[in-house]
Structures are given as structure tokens and as C-alpha cells.
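Notes follow the structure.
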Amino acid sequence: MQISATEAKNRFGYYLGQAEREPVHVMKNDRVAGVIVSAARFAELEALEQKKSMAQRKREFGETYKDWITAQNELVERIGVFGEEFRPW
């Protein structure tokens, strides 16, 4: 289910009830800005996250954002870090 942010604001209680049955995607500026889920589903998601080791989460982050990390590292190598000359260390 997709709704606008205004609709979510105006009928929040109703959509909390809907979230017990299915996730409610809240749209803002033609993109999903948030999702309303039931407390039970949220607890399931948190439990899944807790089962992952830090190394696994780092690996997943690195895989997901590999291109962005590479671009940032290249930028730092090319032009340095802004304000680096003002740092005391």
C-alpha cells in the first residue's frame, strides 16, 4: 500500500491499523520517504539485524556502497580533505 505523506498525517490512526496487515509505504516527492510497519514486524526485523555479526554488516555495507566508497576515496586522493591544513594533528 502506498499513500502520500499528507494522507498519512491526516489519517495516521487508520494507517496504523493497516500496518498490522501489510507495510504502508509513505510517499513524499515521488519517492518512498518511510514505511509504517506493525510493532511485531519491526521486532522481527530488529531480531534479524542482531543476529548478524559486525563483520557481516560491514561486508554488506561495503558491497552495497562499493562504488560510492571508491569515488570518495578517489576524491580524497585527488584533492585531499577540506580544511586539513587547519587540523592540529
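Residues in the C-alpha cells are named by chain (A, B, ... in the order shown) and by number from 1 within that chain; ligands are numbered from 1 in the order shown.
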I need the residues in chain A that are helix (DSSP H, G or I) according to DSSP; give them as an MDAnalysis selection string.
chainID A and resid 5:10 12:19 39:51 54:64 66:79 84:86
As a list in words, which residues of region 25-56 of chain A does DSSP assign to strand (DSSP E or B)?
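Of region 25-56 of chain A, only His25, Val26, Met27, Lys28, Arg31, Val32, Ala33, Gly34, Val35 and Ile36 of chain A fall in strand (DSSP E or B).
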Set the distance at 10 Å and use only C-alpha atoms: which residues neighbour Ala39 (chain A) once local chain neighbours fewer than 6 positions away are removed? I'd like the list as a ChimeraX atom specification.
/A:16,19-20,45
The distance between CA of Ala5 (chain A) and CA of Met27 (chain A) is 5.7 Å
Might you pull out every residue within 8 Å of Gln2 (chain A), with only C-alpha atoms counted and same-chain residues fewer than 3 positions away left off, and present them as a list in words?
Val24, His25, Val26 and Met27 of chain A
Could you write out the selected residues, including N, CA and C atoms, as a CSV table (one decimal), in the first residue's frame?
chain,number,residue,atom,x,y,z
A,24,VAL,N,2.9,-0.1,5.1
A,24,VAL,CA,2.3,1.1,4.4
A,24,VAL,C,3.5,2.0,4.0
A,25,HIS,N,3.7,2.2,2.7
A,25,HIS,CA,4.7,3.0,2.2
A,25,HIS,C,4.3,4.4,2.1
A,26,VAL,N,5.0,5.3,2.7
A,26,VAL,CA,4.6,6.8,2.7
A,26,VAL,C,5.5,7.5,1.7
A,27,MET,N,4.8,8.1,0.7
A,27,MET,CA,5.5,8.7,-0.4
A,27,MET,C,5.6,10.2,-0.1
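Going from CA of Lys66 (chain A) over to CA of Glu85 (chain A), you cover 28.5 Å.
As for CA of Leu48 (chain A) and CA of Tyr14 (chain A), they are spaced 27.9 Å apart.
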Check the smallest atom-to-atom distance from each of A:Gln50, A:Ser4, A:Asn10, A:Asp67 to Asp30 (chain A) using only C-alpha atoms, then report the winner.
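Closest residue, counting only C-alpha atoms: A:Ser4.
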